[in-house]
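Chemist: One structure, as structure tokens, below. Some questions next.
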Amino acid sequence: MQMEAVREATRPSKMILGKMQHPLVYVVGPTHELAERIWSPVWDMFVSDDRGEHLAPLAFLHARHDKTRGMIWLTTGGVIQRKSGDDPKSLQGDRVTAAIPDEAHSMPEEAWKYLLPSLMDSGGRLLAIGVAMGKNRFRSMWDMGQEGIEGYSSCSVPSTAHPLIVETVEETHALKESTGLDYIPLETDPAYVALSEREQKQMYWAEWQESDGSIFPKPVIDACMTGRWQESAGSDGIYVAGLDVAKSQDWTVLLVGNVKTGEVVYGERFQGIEYLTQAPRVARICRDWNVRSVNMDSTGVGAAVAEIMRSEGVPISDFVFTNKSKAEIVNVTVREMERKNVILPNDDTMRLELERFEHKPTPSGTVTYSAPPGYHDDYVDALCLLVSKMYRNRGMTRNPNRTPYVQWGKKKSNAHMPALPGVAA
């Protein structure tokens, strides 16, 4: 990390619009305490000890410093500055050319919201370092690097990449005989042994654990994803839908399900379309599939969008998302999937959203349900709206009891109704 900070801070300055722009590098920690710990080795590379006990190896690049503000000015014109996620607004900067957040898995989401835009003006680089833990902004950027998205790259480095750390005692003995050096075997290291297997994989082997906070277990998803998307409605099907609408960054997702079979049979997902354009499209799908009811998220602006949908003939059933109501439909969906009452199409996007969907406690004690920062949960929201609607309407598919409610006896009876008062018998 220190060498990356040096490399970025010593890049050539550029003349932009008649003004010389020097490199500005942020070294960022999620809290003030961690920021100090991360900043210390960077500081020691440039600033010598006043008592003469430490001579900084890069002192020849040091121009001046401010210990209180955590800033180092270099003779090349570059500046390196300490920053903390505890003060998100301080991460706004004038042409930050590089940012190096360490312990990035613990960085508050609010900090990312201020840090990332500060890099845009200069086309700056972000080098995020952290542990393979949680489903957060750090994880989403790591995934984008693994998926080959332009502008992102990512890798995992296990602790055994350190030249003196090995996995077993046997390796320690063999290497010591050949090199004469002392090695650290993980299998007997007290800190390593004290951790659970999941924590060992996360913190020492740099392996993400997909079940971290997950709502939908992977085996349950796999067991349900045995269906396929269908092209048209069946003659005897009873169809309802779940609709989660979005206008810009998120996606609008419409899912259609057959109440009789529990199958999710059709889905559409689109982005960046005005509500007035979405409504006729949703209406056409509902007509094609003879959808009886559309369970729609009408939270906030959703109420106005619901009216637009109704004006196009979409049979909207309003559903308002609150922590409590969302928890209810999420729990219904999980239960129905565990009981294999739901058949899902084998769709990669839906699978990823289900695997990443998680719950988080808030400081007030409530629990929120959503995708991690940087991910989408529109498929999951639409699915929960659909499955809860299918669950409530399952009685529509049961065979009616054809025996009459009242059965008249065939035998004659001597029973008779008494005469009404004032009426002759």
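In the structure tokens, the first chain shown is A, the next is B, and so on; residue numbers restart at 1 for each chain, and ligands run from 1 in the order shown.
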Running DSSP on the backbone, which parts of stretch 200-383 of chain A land in helix (DSSP H, G or I), as number ranges by chain?
Modeler: A: 200-203, 218-224, 275-288, 302-311, 323-338, 348-356, 378-383
Chemist: So that I can check the surroundings of stretch 46-57 of chain A, please list as number ranges by chain every protein, DNA and RNA residue that reaches within 10 Å of it, counting only C-alpha atoms and ignoring chain neighbours fewer than 3 positions away.
Modeler: A: 6, 41-43, 60-65, 67, 72-74
Chemist: Any idea what's packed within 12 Å of A:Lys14, counting only C-alpha atoms, ignoring anything in its chain fewer than 4 positions away? Could you give it as a PyMOL selection string?
Modeler: chain A and resi 10+18-24+76-78+95+97+122
Chemist: Those selected residues, please, written with N, CA and C atoms and delivered as an mmCIF file, in the first residue's frame.
Modeler:
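This is the output file selection_12.cif:
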```
data_model
loop_
_atom_site.group_PDB
_atom_site.id
_atom_site.type_symbol
_atom_site.label_atom_id
_atom_site.label_comp_id
_atom_site.auth_asym_id
_atom_site.auth_seq_id
_atom_site.Cartn_x
_atom_site.Cartn_y
_atom_site.Cartn_z
ATOM 1 N N THR A 10 4.107 10.627 -6.889
ATOM 2 C CA THR A 10 5.276 11.113 -7.635
ATOM 3 C C THR A 10 5.045 11.105 -9.140
ATOM 4 N N GLY A 18 -4.255 26.085 -18.202
ATOM 5 C CA GLY A 18 -3.328 27.110 -17.774
ATOM 6 C C GLY A 18 -2.904 27.018 -16.323
ATOM 7 N N LYS A 19 -3.308 25.970 -15.620
ATOM 8 C CA LYS A 19 -2.951 25.819 -14.214
ATOM 9 C C LYS A 19 -2.270 24.474 -13.998
ATOM 10 N N MET A 20 -1.173 24.494 -13.262
ATOM 11 C CA MET A 20 -0.443 23.261 -12.989
ATOM 12 C C MET A 20 -1.191 22.441 -11.920
ATOM 13 N N GLN A 21 -1.542 21.230 -12.285
ATOM 14 C CA GLN A 21 -2.253 20.344 -11.377
ATOM 15 C C GLN A 21 -1.295 19.261 -10.884
ATOM 16 N N HIS A 22 -1.080 19.250 -9.563
ATOM 17 C CA HIS A 22 -0.174 18.278 -8.956
ATOM 18 C C HIS A 22 -0.956 17.067 -8.429
ATOM 19 N N PRO A 23 -0.310 15.921 -8.320
ATOM 20 C CA PRO A 23 -0.996 14.742 -7.769
ATOM 21 C C PRO A 23 -1.469 14.981 -6.336
ATOM 22 N N LEU A 24 -2.690 14.526 -6.057
ATOM 23 C CA LEU A 24 -3.246 14.574 -4.699
ATOM 24 C C LEU A 24 -3.733 13.171 -4.349
ATOM 25 N N THR A 76 8.363 16.983 -5.502
ATOM 26 C CA THR A 76 7.878 16.849 -6.886
ATOM 27 C C THR A 76 6.569 17.603 -7.108
ATOM 28 N N GLY A 77 5.968 18.120 -6.044
ATOM 29 C CA GLY A 77 4.707 18.845 -6.159
ATOM 30 C C GLY A 77 3.512 18.067 -5.668
ATOM 31 N N GLY A 78 3.659 16.765 -5.525
ATOM 32 C CA GLY A 78 2.544 15.928 -5.075
ATOM 33 C C GLY A 78 2.242 16.102 -3.593
ATOM 34 N N ARG A 95 -9.935 17.605 -7.382
ATOM 35 C CA ARG A 95 -9.105 16.815 -8.298
ATOM 36 C C ARG A 95 -8.209 15.830 -7.541
ATOM 37 N N THR A 97 -6.309 12.671 -7.374
ATOM 38 C CA THR A 97 -5.795 11.841 -8.468
ATOM 39 C C THR A 97 -5.710 10.366 -8.103
ATOM 40 N N SER A 122 -10.466 14.227 -12.184
ATOM 41 C CA SER A 122 -9.098 13.968 -12.638
ATOM 42 C C SER A 122 -8.951 12.618 -13.330
#
```
Chemist: Residues within 8 Å of A:Ser153, please, as a PyMOL selection string. Count only C-alpha atoms; anything in the same chain fewer than 4 positions from it doesn't count.
Modeler: chain A and resi 142+144-146+148-149
Chemist: List every residue of stretch 143-256 of chain A that DSSP, applied to the backbone, labels as strand (DSSP E), and write the result as a PyMOL selection string.
Modeler: chain A and resi 165-166+184-185+239-244+252-256
Chemist: Just want the 12 Å neighbourhood of A:Arg356, counted on only C-alpha atoms, with same-chain residues fewer than 6 positions away dropped. Output as an MDAnalysis selection string.
Modeler: chainID A and resid 134:136 139:140 143 208:218 221 349:350 369:380
Chemist: Which residues are near A:Gln200? Cut-off 12 Å, only C-alpha atoms, ignore same chain within fewer than 2 positions. Put them as number ranges by chain.
Modeler: A: 131-133, 158-159, 167, 186-187, 189-198, 202-209
Chemist: Given the choices A:Leu254, A:Thr188, A:Gln81, A:Arg125, which gets closest to A:Asp66 if the distance is worked out from only C-alpha atoms?
Modeler: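 For A:Asp66, the nearest of the given residues is A:Gln81.
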Chemist: Closest to A:Val305 among A:Met107, A:Leu386, A:Glu338, A:Glu274, using only C-alpha atoms?
Modeler: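 Residue with the minimum atom-to-atom distance to A:Val305: A:Glu274.
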